[in-house]
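Text of start-v4.cif (mmCIF, C-alpha atoms) as supplied:
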```cif
data_protein
loop_
_atom_site.label_atom_id
_atom_site.label_comp_id
_atom_site.auth_asym_id
_atom_site.auth_seq_id
_atom_site.Cartn_x
_atom_site.Cartn_y
_atom_site.Cartn_z
CA LYS X 67 65.66 23.03 -103.74
CA ILE X 68 66.02 19.82 -105.72
CA ASN X 69 65.83 17.75 -102.54
CA ILE X 70 62.74 19.66 -101.40
CA LEU X 71 61.03 19.09 -104.76
CA ASP X 72 62.05 15.43 -104.76
CA ASN X 73 60.64 14.91 -101.30
CA SER X 74 57.45 16.73 -102.30
CA TYR X 75 56.96 14.40 -105.30
CA LYS X 76 57.52 11.37 -103.10
CA ALA X 77 55.00 12.68 -100.61
CA ILE X 78 52.44 13.23 -103.38
CA GLU X 79 53.09 9.71 -104.79
CA HIS X 80 52.70 8.17 -101.35
CA LYS X 81 49.48 10.06 -100.72
CA TYR X 82 48.12 8.97 -104.12
CA TYR X 83 49.05 5.37 -103.35
CA LEU X 84 47.28 5.44 -100.00
CA GLN X 85 44.17 7.00 -101.55
CA ASN X 86 44.07 4.50 -104.40
CA LYS X 87 45.61 1.46 -102.73
CA ASN X 88 42.56 -0.79 -103.08
CA LYS X 89 42.01 0.21 -106.70
CA LEU X 90 45.65 -0.41 -107.60
CA LEU X 91 45.64 -3.80 -105.87
CA LEU X 92 42.43 -4.73 -107.70
CA GLU X 93 43.90 -3.71 -111.05
CA GLU X 94 47.03 -5.74 -110.31
CA GLN X 95 44.92 -8.76 -109.40
CA ILE X 96 42.84 -8.42 -112.58
CA LEU X 97 46.00 -8.29 -114.69
CA ARG X 98 47.41 -11.36 -112.92
CA VAL X 99 44.20 -13.38 -113.39
CA GLY X 100 43.93 -12.22 -116.99
CA ASN X 101 47.47 -13.39 -117.69
CA LEU X 102 46.79 -16.79 -116.11
CA LEU X 103 43.65 -17.21 -118.22
CA TYR X 104 45.57 -16.20 -121.33
CA GLN X 105 48.33 -18.72 -120.62
CA GLU X 106 45.76 -21.45 -119.95
CA ARG X 107 43.79 -20.68 -123.12
CA LYS X 108 47.00 -20.49 -125.19
CA HIS X 109 47.69 -24.15 -124.37
CA LYS X 110 44.10 -25.29 -124.95
CA ILE X 111 42.90 -26.87 -128.17
CA ILE X 112 39.90 -24.74 -129.04
CA MET X 113 37.55 -27.36 -130.39
CA LYS X 114 34.33 -29.18 -129.64
CA LEU X 115 35.10 -32.87 -129.48
CA THR X 116 32.57 -35.71 -129.60
CA VAL X 117 33.60 -39.28 -128.82
CA ILE X 118 31.21 -42.07 -129.76
CA GLY X 119 32.04 -45.17 -127.74
CA ALA X 120 33.34 -45.09 -124.17
CA GLY X 121 34.54 -48.67 -123.79
CA ASN X 122 38.13 -49.71 -123.11
CA MET X 123 39.80 -47.78 -125.93
CA GLY X 124 37.33 -44.90 -126.07
CA GLY X 125 37.41 -44.61 -122.30
CA ALA X 126 41.21 -44.45 -122.24
CA LEU X 127 41.20 -41.64 -124.81
CA ILE X 128 38.50 -39.75 -122.92
CA HIS X 129 40.36 -40.04 -119.61
CA GLY X 130 43.52 -38.69 -121.19
CA TRP X 131 41.79 -35.77 -122.89
CA ALA X 132 39.64 -34.88 -119.89
CA LYS X 133 42.50 -35.02 -117.37
CA SER X 134 44.67 -32.81 -119.54
CA GLY X 135 42.22 -29.90 -119.43
CA LYS X 136 43.43 -28.97 -122.91
CA VAL X 137 40.26 -29.67 -124.88
CA GLU X 138 37.66 -26.90 -124.82
CA SER X 139 34.59 -29.14 -124.89
CA ILE X 140 34.08 -32.93 -124.72
CA THR X 141 30.85 -34.81 -125.37
CA ILE X 142 30.62 -38.58 -124.88
CA ALA X 143 27.97 -40.71 -126.58
CA ASP X 144 27.40 -44.29 -125.45
CA LYS X 145 24.43 -46.58 -124.90
CA ASN X 146 25.64 -47.56 -121.42
CA GLU X 147 24.08 -45.00 -119.06
CA ALA X 148 25.94 -46.29 -116.00
CA LEU X 149 29.24 -45.83 -117.83
CA LEU X 150 28.28 -42.30 -118.85
CA GLN X 151 27.35 -41.49 -115.27
CA SER X 152 30.77 -42.62 -114.04
CA PHE X 153 32.47 -40.25 -116.49
CA LYS X 154 30.17 -37.40 -115.51
CA GLU X 155 30.94 -37.89 -111.83
CA LYS X 156 34.68 -37.85 -112.47
CA TYR X 157 34.66 -35.02 -115.03
CA PRO X 158 31.65 -32.74 -114.37
CA SER X 159 32.41 -30.47 -117.33
CA ILE X 160 31.94 -33.32 -119.82
CA GLU X 161 28.62 -33.66 -121.62
CA THR X 162 27.16 -37.15 -121.89
CA THR X 163 24.33 -38.59 -123.97
CA THR X 164 22.94 -41.87 -125.28
CA ASP X 165 21.93 -40.07 -128.50
CA ASN X 166 24.67 -40.34 -131.12
CA VAL X 167 22.89 -37.98 -133.51
CA ALA X 168 22.55 -35.19 -130.95
CA ALA X 169 26.18 -35.65 -129.92
CA VAL X 170 27.63 -34.94 -133.37
CA LYS X 171 25.57 -31.93 -134.41
CA ASP X 172 27.80 -29.15 -133.06
CA ALA X 173 31.10 -31.03 -132.95
CA ASP X 174 34.28 -29.90 -134.69
CA ILE X 175 35.79 -33.39 -134.47
CA VAL X 176 33.85 -36.67 -134.22
CA VAL X 177 35.91 -39.63 -133.01
CA VAL X 178 34.20 -42.99 -133.45
CA VAL X 179 35.64 -45.70 -131.19
CA VAL X 180 33.41 -48.76 -131.52
CA LYS X 181 33.90 -52.35 -132.68
CA PRO X 182 34.60 -52.55 -136.44
CA TRP X 183 31.38 -54.46 -137.13
CA LEU X 184 29.42 -51.66 -135.44
CA MET X 185 30.98 -48.89 -137.52
CA PRO X 186 28.55 -49.14 -140.49
CA ILE X 187 25.59 -49.06 -138.09
CA VAL X 188 26.85 -46.01 -136.18
CA LEU X 189 27.90 -44.14 -139.34
CA LYS X 190 24.53 -44.76 -140.99
CA GLU X 191 22.84 -43.39 -137.85
CA ILE X 192 24.87 -40.16 -137.62
CA LYS X 193 25.30 -39.52 -141.36
CA PRO X 194 22.22 -37.21 -141.74
CA ALA X 195 23.45 -35.03 -138.86
CA LEU X 196 27.01 -34.61 -140.11
CA ASN X 197 28.30 -31.62 -142.07
CA LEU X 198 31.06 -33.36 -143.98
CA GLU X 199 32.31 -30.11 -145.52
CA LYS X 200 33.28 -28.79 -142.09
CA GLN X 201 33.41 -31.58 -139.53
CA ILE X 202 36.36 -33.91 -139.07
CA VAL X 203 35.51 -37.61 -138.72
CA VAL X 204 38.05 -39.94 -137.14
CA SER X 205 37.91 -43.74 -137.11
CA ASP X 206 39.68 -45.43 -134.21
CA ALA X 207 38.15 -48.80 -135.11
CA ALA X 208 40.65 -51.47 -136.08
CA ASN X 209 41.26 -51.57 -139.85
CA PHE X 210 38.35 -49.21 -140.55
CA THR X 211 40.30 -46.94 -142.86
CA THR X 212 39.49 -43.56 -144.39
CA ASP X 213 38.35 -45.26 -147.62
CA LYS X 214 35.79 -47.20 -145.60
CA LEU X 215 34.63 -43.99 -143.91
CA ALA X 216 34.13 -42.38 -147.32
CA ALA X 217 32.21 -45.42 -148.59
CA GLU X 218 29.90 -45.68 -145.58
CA LEU X 219 29.22 -41.93 -145.46
CA GLU X 220 28.86 -41.81 -149.26
CA CYS X 221 31.04 -38.73 -149.59
CA GLU X 222 34.53 -38.74 -151.07
CA ASN X 223 35.34 -35.16 -150.08
CA GLY X 224 35.04 -35.53 -146.31
CA GLN X 225 37.72 -34.73 -143.76
CA TYR X 226 38.47 -38.33 -142.77
CA PHE X 227 41.24 -39.70 -140.59
CA TYR X 228 42.16 -43.18 -139.41
CA VAL X 229 44.03 -43.42 -136.10
CA ILE X 230 45.52 -46.35 -134.22
CA PRO X 231 45.98 -45.38 -130.55
CA ASN X 232 46.39 -47.65 -127.51
CA ILE X 233 44.98 -47.78 -123.99
CA ALA X 234 48.08 -46.07 -122.55
CA ALA X 235 46.28 -42.90 -123.72
CA GLU X 236 44.68 -42.79 -120.27
CA PHE X 237 48.10 -41.95 -118.85
CA SER X 238 49.22 -39.72 -121.76
CA ALA X 239 51.55 -42.49 -122.90
CA SER X 240 49.90 -43.68 -126.12
CA MET X 241 51.83 -43.96 -129.35
CA SER X 242 49.19 -43.15 -131.95
CA PHE X 243 49.47 -43.51 -135.72
CA ILE X 244 47.50 -41.21 -138.00
CA ALA X 245 46.55 -41.43 -141.68
CA LYS X 246 44.62 -38.70 -143.44
CA GLY X 247 42.02 -39.32 -146.10
CA ALA X 248 42.56 -38.51 -149.76
CA ASN X 249 40.89 -35.09 -149.49
CA ALA X 250 41.70 -34.19 -145.90
CA THR X 251 43.60 -30.91 -145.50
CA ASP X 252 46.94 -30.42 -143.78
CA GLU X 253 45.25 -27.90 -141.50
CA ASN X 254 42.84 -30.56 -140.24
CA LEU X 255 45.65 -33.09 -140.00
CA ALA X 256 47.40 -30.68 -137.64
CA LYS X 257 44.27 -30.49 -135.50
CA VAL X 258 43.97 -34.27 -135.27
CA LYS X 259 47.66 -34.65 -134.48
CA ALA X 260 47.42 -32.00 -131.75
CA LEU X 261 44.48 -33.89 -130.24
CA TYR X 262 46.26 -37.25 -130.14
CA ASP X 263 49.51 -35.64 -129.03
CA ILE X 264 47.69 -34.87 -125.77
CA ASP X 265 47.12 -38.57 -125.10
CA GLY X 266 50.67 -39.44 -126.08
CA ASP X 267 52.76 -36.59 -124.70
CA GLY X 268 53.57 -35.47 -128.23
CA ARG X 269 54.13 -38.96 -129.67
CA ALA X 270 51.41 -39.07 -132.38
CA GLU X 271 52.95 -40.09 -135.70
CA VAL X 272 51.63 -39.31 -139.19
CA LEU X 273 52.11 -42.14 -141.68
CA MET X 274 51.85 -42.19 -145.45
CA ARG X 275 48.32 -42.79 -146.66
CA GLN X 276 49.34 -45.42 -149.21
CA LYS X 277 50.47 -47.63 -146.32
CA GLU X 278 47.15 -47.26 -144.50
CA ASN X 279 45.64 -50.51 -145.72
CA ASN X 280 48.66 -52.44 -144.41
CA TRP X 281 48.25 -51.17 -140.87
CA GLU X 282 46.26 -54.21 -139.75
CA ALA X 283 49.61 -56.02 -139.56
CA MET X 284 50.74 -53.47 -136.98
CA LEU X 285 47.79 -53.97 -134.61
CA SER X 286 49.36 -57.00 -132.92
CA TYR X 287 52.77 -55.36 -132.46
CA ASP X 288 54.13 -54.11 -129.15
CA ALA X 289 55.48 -50.55 -128.87
CA GLU X 290 58.95 -51.51 -130.16
CA GLY X 291 57.45 -53.40 -133.11
CA ARG X 292 55.28 -50.43 -134.02
CA ILE X 293 58.30 -48.14 -134.04
CA GLN X 294 60.09 -50.55 -136.38
CA PHE X 295 56.99 -50.60 -138.60
CA VAL X 296 57.10 -46.80 -138.81
CA ASP X 297 60.79 -46.89 -139.72
CA CYS X 298 60.15 -49.42 -142.49
CA THR X 299 57.18 -47.56 -144.00
CA SER X 300 59.08 -44.28 -143.84
CA ASP X 301 61.88 -45.91 -145.84
CA GLY X 302 59.40 -47.06 -148.47
CA TYR X 303 59.29 -50.79 -147.69
#
```

Please rewrite the model in this file as structure tokens.
Amino acid sequence: KINILDNSYKAIEHKYYLQNKNKLLLEEQILRVGNLLYQERKHKIIMKLTVIGAGNMGGALIHGWAKSGKVESITIADKNEALLQSFKEKYPSIETTTDNVAAVKDADIVVVVVKPWLMPIVLKEIKPALNLEKQIVVSDAANFTTDKLAAELECENGQYFYVIPNIAAEFSASMSFIAKGANATDENLAKVKALYDIDGDGRAEVLMRQKENNWEAMLSYDAEGRIQFVDCTSDGY
């Protein structure tokens, strides 16, 4: 009797499977796709990033971030339309514009990568469009520190960061150094570090803010020299 019942259950299960085969396969496929999307999103940095300046350094950072697929949204602002077009052709999901003001309006993080002498001009232009209580502003311009950001934007309470990357960012091999402004939060520091970790395969380093104004000495160092600089500043020299 047990064998008869067992065989009957198996027959019913097989009949149910045949009747619902397509539905079961569809459900399995939906679960598989859903899991893949979850895994992909789990490793994404959910942020809207704007980069102002797509020259050598800015371009290297953009290439690294875009190729990684880890940044939710990237907008590039530059006055060179041909350069913007080349990025758009290579990375169709990227937004491009020649309008710096429009580029920063909805951004979570604004990275400014222009020549130091252009920084005051660009900051003055975008200042009215920035929400300095919420948006993170990063200077990648040589020796343009967080104090200078605060002075140019006329707001001491902004979420400012100063970062020294290098062009190896294009190949996720940059060693970047990060300083946070006087009023920047640790939460936002983590966001900035996560962003630059992408372009450095996890090698972004956070340095003490009081050493920030001495970083200009590090700009001419090679990778080994920069590591020694970090060791010295960490030891308090």

So what does the PyMOL selection byres ((chain X and resi 160) around 9) actually pick up in this one, as a CSV table (one decimal) with C-alpha atoms, in the frame of the given file?
```csv
chain,number,residue,atom,x,y,z
X,132,ALA,CA,39.6,-34.9,-119.9
X,139,SER,CA,34.6,-29.1,-124.9
X,140,ILE,CA,34.1,-32.9,-124.7
X,141,THR,CA,30.8,-34.8,-125.4
X,142,ILE,CA,30.6,-38.6,-124.9
X,153,PHE,CA,32.5,-40.2,-116.5
X,154,LYS,CA,30.2,-37.4,-115.5
X,157,TYR,CA,34.7,-35.0,-115.0
X,158,PRO,CA,31.6,-32.7,-114.4
X,159,SER,CA,32.4,-30.5,-117.3
X,161,GLU,CA,28.6,-33.7,-121.6
X,162,THR,CA,27.2,-37.2,-121.9
```

#### Entry: Non-local contacts of Ser134 in chain X (9 Å; all atoms listed in the file; under 5 positions in same chain excluded) as a count of residues only
4

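Here CA of Lys200 in chain X stands at a distance of 27.1 Å from CA of Met241 in chain X.
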
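Relative to CA of Thr251 in chain X, CA of Asp165 in chain X is found at 29.0 Å.
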
- prompt: Could you write out as a PyMOL selection string the residues that the PyMOL selection byres ((chain X and resi 213) around 12) matches in the shown file?
  reply: chain X and resi 204-205+209-212+214-228+245-250+275-276+278-279
